[in-house]
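These notes are about the structure you will find just below.
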Protein chains: 2
Amino acid sequence: MARTLADRQDVIPVLAEVFRDHGFEGASLSAITARTGLGKGSLYNFFPGGKAEMAEAVLAHIDGWFRTHVFDPLETEGGGLAAVEAMFQATDAYFRSGQRVCVVGVFALGDARDLFAAQVHGYFAAWVQALAGALVRAGRDPDQAQADAEEVVAGIQGALVLSRALNDNGVFTRTLARLRRMLADR
Amino acid sequence: MARTLADRQDVIPVLAEVFRDHGFEGASLSAITARTGLGKGSLYNFFPGGKAEMAEAVLAHIDGWFRTHVFDPLETEGGGLAAVEAMFQATDAYFRSGQRVCVVGVFALGDARDLFAAQVHGYFAAWVQALAGALVRAGRDPDQAQADAEEVVAGIQGALVLSRALNDNGVFTRTLARLRRMLADR
DNA sequence: GCGGCGTTGTACCAATCGGTAAATGACGTA
DNA sequence: TACGTCATTTACCGATTGGTACAACGCCGC
């Protein structure tokens with residue numbers, strides 16, 4: 001038999017796409033095997049905990065990506081407004097200008113919110129905190145920075161919902177532009 | 001046997017809560033029978049189309065509620081900024097200051113988005129259009145009004161996601177306050 | 001060349017899925 | 001009081017769910 005064609009690490013992004021498209025409940029094992037090309041045996045070899053462990057790995061992977069590409073840059077000493085601009089670019093790229101939806105957001109709204117409450121909370125809390133920190137380091141008022149950071153993160157999530165519902169990525173692009181302006185004019 | 005204890009109309013709000021909590025896929029018939037207290041037979045008597053028809057009825061019910069309590073007031077000739085303020089109050093009450101989540105938003109992110117694309121699109125499009133119309137009637141620039149309306153609706157959805165994820169209704173309350181201010185200062 | 005190890009496909013499991021059909025029984029009418 | 005109507009209950013359907021067990025197989029060290 002074909003041996004270790006795919007590493008566990010290689011499967012996670014595919015799993016992420018399945019969860020993104022179907023949510024946690026909707027991501028059936030048959031859908032997962034179909035998209036990954038892996039049989040149940042391999043899947044349960046990589047993730048003995050089943051679907052829950054797969055979802056956890058996906059969340060951890062996403063968290064890691066944002067940590068290295070978004071949160072950490074925001075928190076570096078030099079960061080400041082340049083890091084904020086980098087965040088917007090990374091975000092736009094990650095969500096494919098609104099065509100891709102946020103897995104963590106999907107989990108937050110769905111019934112997976114209880115199962116993965118800690119990860120979901122951690123992801124958004126880290127994002128808001130990192131952004132607020134960067135704004136403070138750029139000389140903004142701490143309270144205002146906190147409120148602005150919340151507005152940006154919530155705005156991105158709302159834009160994802162709306163652009164998905166209206167099937168119009170323009171909503172996402174416009175929202176990102178507006179949030180950029182908002183932070184610049186503050 | 002007990003005869004017609006519950007009307008079809010009485011069941012719909014309960015169904016809405018089930019779909020709100022579990023999403024479309026996650027709302028199993030057993031969960032529905034448990035919450036409604038109705039057997040499958042009664043359910044299929046009311047909704048011959050099964051789960052899909054139940055969800056459609058829920059979406060139609062929500063659409064009707066927003067139409068009478070939000071969209072129509074926004075579109076009345078007298079409307080203007082008073083209707084906008086009424087919208088914020090109705091919205092805050094409906095979503096229980098962020099403790100309740102938006103069924104249409106949940107559907108928009110989940111895999112039900114294709115099944116109910118028309119209703120999901122219609123709901124959000126109607127909301128944005130009604131709000132933008134009211135702003136124009138209040139003397140605002142049409143392009144700016146459209147952008148602001150989009151920002152408000154997306155902001156509300158994002159606030160629901162974030163307050164749910166962070167388990168902090170403060171996010172929703174603050175967002176609503178900020179959006180009010182934004183429209184007033186424009 | 002050989003043997004062990006680890007990955008893999010597959011058959012299988014109970015439970016549950018959404019949905020159907022017919023028996024059951026309470027009501028309104030006469 | 002007898003009957004017909006119709007909502008409700010209940011048992012049941014095949015399909016699919018997430019998950020397990022295991023045998024078959026390829027790779028690697030020896």
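Chain identifiers are assigned as A, B, and so on, following the order in which chains appear in the structure tokens; residues are numbered from 1 within each chain, and ligands are numbered from 1 in order of appearance.
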>> Give me the residues near DC13 in chain D as a list in words, where near means some atom within 12 Å (using only C-alpha atoms (C1' of nucleotides)) and where sequence neighbours in that chain fewer than 5 positions away do not count.
In response: DC17, DG18, DG19, DT20 and DA21 of chain C
>> Using only C-alpha atoms (C1' of nucleotides), which protein or nucleic acid residues come within 12 Å of range 1-13 of chain C? Drop anything in the same chain fewer than 3 positions from it, and give the result as a PyMOL selection string.
In response: (chain A and resi 1-7+37-46) or (chain D and resi 17-30)
Selected residues written out with N, CA and C atoms (P, O5', C5', C4', C3', O3' and C1' of nucleotides), as a short mmCIF file (atom, residue, chain, number, x, y, z; two decimals), in the first residue's frame:
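What follows is the written file selection_13.cif:
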data_model
loop_
_atom_site.label_atom_id
_atom_site.label_comp_id
_atom_site.auth_asym_id
_atom_site.auth_seq_id
_atom_site.Cartn_x
_atom_site.Cartn_y
_atom_site.Cartn_z
N MET A 1 0.83 -1.21 0.00
CA MET A 1 0.00 0.00 0.00
C MET A 1 0.87 1.26 0.00
N ALA A 2 0.30 2.30 -0.53
CA ALA A 2 1.01 3.57 -0.52
C ALA A 2 1.30 3.97 0.92
N ARG A 3 2.49 4.38 1.16
CA ARG A 3 2.92 4.62 2.52
C ARG A 3 3.20 6.10 2.76
N THR A 4 2.51 6.66 3.71
CA THR A 4 2.78 8.03 4.13
C THR A 4 2.91 8.98 2.94
N LEU A 5 1.91 8.94 2.11
CA LEU A 5 1.91 9.89 1.01
C LEU A 5 1.73 11.31 1.56
N ALA A 6 0.89 11.40 2.58
CA ALA A 6 0.63 12.71 3.16
C ALA A 6 1.00 12.69 4.63
N ASP A 7 1.67 13.75 5.04
CA ASP A 7 1.98 13.90 6.44
C ASP A 7 0.76 14.48 7.15
N GLY A 37 -8.71 12.51 0.46
CA GLY A 37 -8.22 11.35 -0.24
C GLY A 37 -7.70 10.28 0.69
N LEU A 38 -7.88 10.49 1.97
CA LEU A 38 -7.40 9.52 2.96
C LEU A 38 -8.55 8.67 3.48
N GLY A 39 -8.27 7.41 3.72
CA GLY A 39 -9.28 6.53 4.31
C GLY A 39 -9.43 6.82 5.78
N LYS A 40 -10.48 6.23 6.34
CA LYS A 40 -10.71 6.44 7.76
C LYS A 40 -9.53 5.96 8.59
N GLY A 41 -8.94 4.86 8.16
CA GLY A 41 -7.81 4.31 8.90
C GLY A 41 -6.70 5.32 9.07
N SER A 42 -6.32 5.95 7.96
CA SER A 42 -5.25 6.95 8.03
C SER A 42 -5.67 8.12 8.90
N LEU A 43 -6.90 8.55 8.69
CA LEU A 43 -7.41 9.70 9.45
C LEU A 43 -7.33 9.42 10.95
N TYR A 44 -7.80 8.25 11.34
CA TYR A 44 -7.81 7.94 12.77
C TYR A 44 -6.43 7.57 13.28
N ASN A 45 -5.54 7.29 12.34
CA ASN A 45 -4.15 7.09 12.74
C ASN A 45 -3.53 8.44 13.08
N PHE A 46 -3.82 9.45 12.26
CA PHE A 46 -3.30 10.80 12.52
C PHE A 46 -4.02 11.46 13.69
P DT D 17 -22.64 10.62 5.96
"O5'" DT D 17 -22.47 10.70 7.54
"C5'" DT D 17 -23.47 11.36 8.33
"C4'" DT D 17 -23.34 10.95 9.78
"C3'" DT D 17 -21.91 10.75 10.25
"O3'" DT D 17 -21.38 11.99 10.67
"C1'" DT D 17 -23.35 9.01 11.07
P DG D 18 -19.79 12.19 10.62
"O5'" DG D 18 -19.31 11.47 11.96
"C5'" DG D 18 -19.80 11.93 13.21
"C4'" DG D 18 -19.37 10.96 14.29
"C3'" DG D 18 -17.86 10.82 14.47
"O3'" DG D 18 -17.55 10.65 15.84
"C1'" DG D 18 -18.78 8.72 13.88
P DG D 19 -15.97 10.47 16.25
"O5'" DG D 19 -15.80 8.90 16.29
"C5'" DG D 19 -16.64 8.14 17.18
"C4'" DG D 19 -16.33 6.66 17.03
"C3'" DG D 19 -14.84 6.30 17.11
"O3'" DG D 19 -14.64 5.42 18.20
"C1'" DG D 19 -15.93 5.18 15.31
P DT D 20 -13.20 4.86 18.54
"O5'" DT D 20 -13.31 3.36 18.01
"C5'" DT D 20 -14.43 2.57 18.39
"C4'" DT D 20 -14.26 1.16 17.87
"C3'" DT D 20 -12.86 0.57 18.09
"O3'" DT D 20 -12.99 -0.72 18.65
"C1'" DT D 20 -13.48 0.40 15.79
P DA D 21 -11.67 -1.52 19.15
"O5'" DA D 21 -11.55 -2.63 18.01
"C5'" DA D 21 -12.75 -3.11 17.39
"C4'" DA D 21 -12.39 -4.20 16.39
"C3'" DA D 21 -11.03 -4.87 16.64
"O3'" DA D 21 -11.14 -6.25 16.33
"C1'" DA D 21 -11.02 -3.80 14.52
P DC D 22 -9.85 -7.20 16.64
"O5'" DC D 22 -9.33 -7.48 15.16
"C5'" DC D 22 -10.27 -7.65 14.12
"C4'" DC D 22 -9.59 -7.59 12.77
"C3'" DC D 22 -8.15 -8.15 12.75
"O3'" DC D 22 -7.99 -8.96 11.62
"C1'" DC D 22 -8.21 -6.04 11.74
P DA D 23 -6.99 -10.19 11.65
"O5'" DA D 23 -7.02 -10.71 10.14
"C5'" DA D 23 -8.09 -10.35 9.27
"C4'" DA D 23 -7.55 -9.64 8.03
"C3'" DA D 23 -6.23 -10.23 7.49
"O3'" DA D 23 -6.30 -10.28 6.07
"C1'" DA D 23 -5.96 -7.94 7.91
P DA D 24 -5.21 -11.07 5.22
"O5'" DA D 24 -4.66 -9.95 4.24
"C5'" DA D 24 -5.58 -9.10 3.56
"C4'" DA D 24 -4.83 -7.91 2.99
"C3'" DA D 24 -3.51 -8.28 2.31
"O3'" DA D 24 -3.39 -7.56 1.09
"C1'" DA D 24 -3.13 -6.64 3.98
P DC D 25 -2.38 -8.06 -0.01
"O5'" DC D 25 -1.27 -6.92 0.04
"C5'" DC D 25 -1.68 -5.55 -0.04
"C4'" DC D 25 -0.64 -4.68 0.61
"C3'" DC D 25 0.80 -4.94 0.15
"O3'" DC D 25 1.16 -3.94 -0.78
"C1'" DC D 25 0.60 -4.39 2.49
P DG D 26 2.54 -4.07 -1.64
"O5'" DG D 26 3.38 -2.87 -1.00
"C5'" DG D 26 2.81 -1.56 -0.95
"C4'" DG D 26 3.69 -0.64 -0.12
"C3'" DG D 26 5.16 -0.59 -0.55
"O3'" DG D 26 5.65 0.73 -0.37
"C1'" DG D 26 5.01 -1.41 1.68
P DC D 27 7.02 1.19 -1.10
"O5'" DC D 27 7.97 1.45 0.16
"C5'" DC D 27 7.62 2.46 1.10
"C4'" DC D 27 8.30 2.19 2.42
"C3'" DC D 27 9.83 2.20 2.36
"O3'" DC D 27 10.31 3.30 3.14
"C1'" DC D 27 8.99 0.38 3.67
P DC D 28 11.84 3.75 3.01
"O5'" DC D 28 12.53 3.05 4.24
"C5'" DC D 28 12.04 3.33 5.56
"C4'" DC D 28 12.72 2.39 6.54
"C3'" DC D 28 14.24 2.31 6.36
"O3'" DC D 28 14.89 2.58 7.60
"C1'" DC D 28 13.27 0.12 6.40
P DG D 29 16.47 2.73 7.66
"O5'" DG D 29 16.89 1.54 8.62
"C5'" DG D 29 16.33 1.45 9.93
"C4'" DG D 29 16.59 0.08 10.52
"C3'" DG D 29 18.07 -0.31 10.64
"O3'" DG D 29 18.26 -1.02 11.86
"C1'" DG D 29 16.97 -1.88 9.26
P DC D 30 19.70 -1.37 12.33
"O5'" DC D 30 19.84 -2.89 11.90
"C5'" DC D 30 18.95 -3.86 12.47
"C4'" DC D 30 19.07 -5.16 11.72
"C3'" DC D 30 20.50 -5.74 11.61
"O3'" DC D 30 20.55 -6.98 12.30
"C1'" DC D 30 19.35 -5.91 9.55
#
>> Taking only C-alpha atoms into account and nothing else, which residues of chain B lie no more than 6 Å away from chain A? Please answer as a PyMOL selection string.
In response: chain B and resi 22-23+25-26+108+110-111+120-121+154-155+157-159+162+165-166
> In range 8-177 of chain B, what's helix (DSSP H, G or I) per DSSP? Answer as a ChimeraX atom specification?
Replying inline: /B:8-26,29-36,40-46,51-75,80-94,96-98,103-109,111-113,117-137,142-166,169-177
> What is the CA of Asp141 in chain A-CA of Ala149 in chain B distance in Å, reported with one decimal?
Replying inline: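 CA of Ala149 in chain B lies 28.0 Å from CA of Asp141 in chain A.
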>> Could you tell me how far CA of Ala130 in chain A sits from CA of Val14 in chain A, in Å to one decimal place?
In response: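 Interatomic distance, CA of Val14 in chain A to CA of Ala130 in chain A: 27.7 Å.
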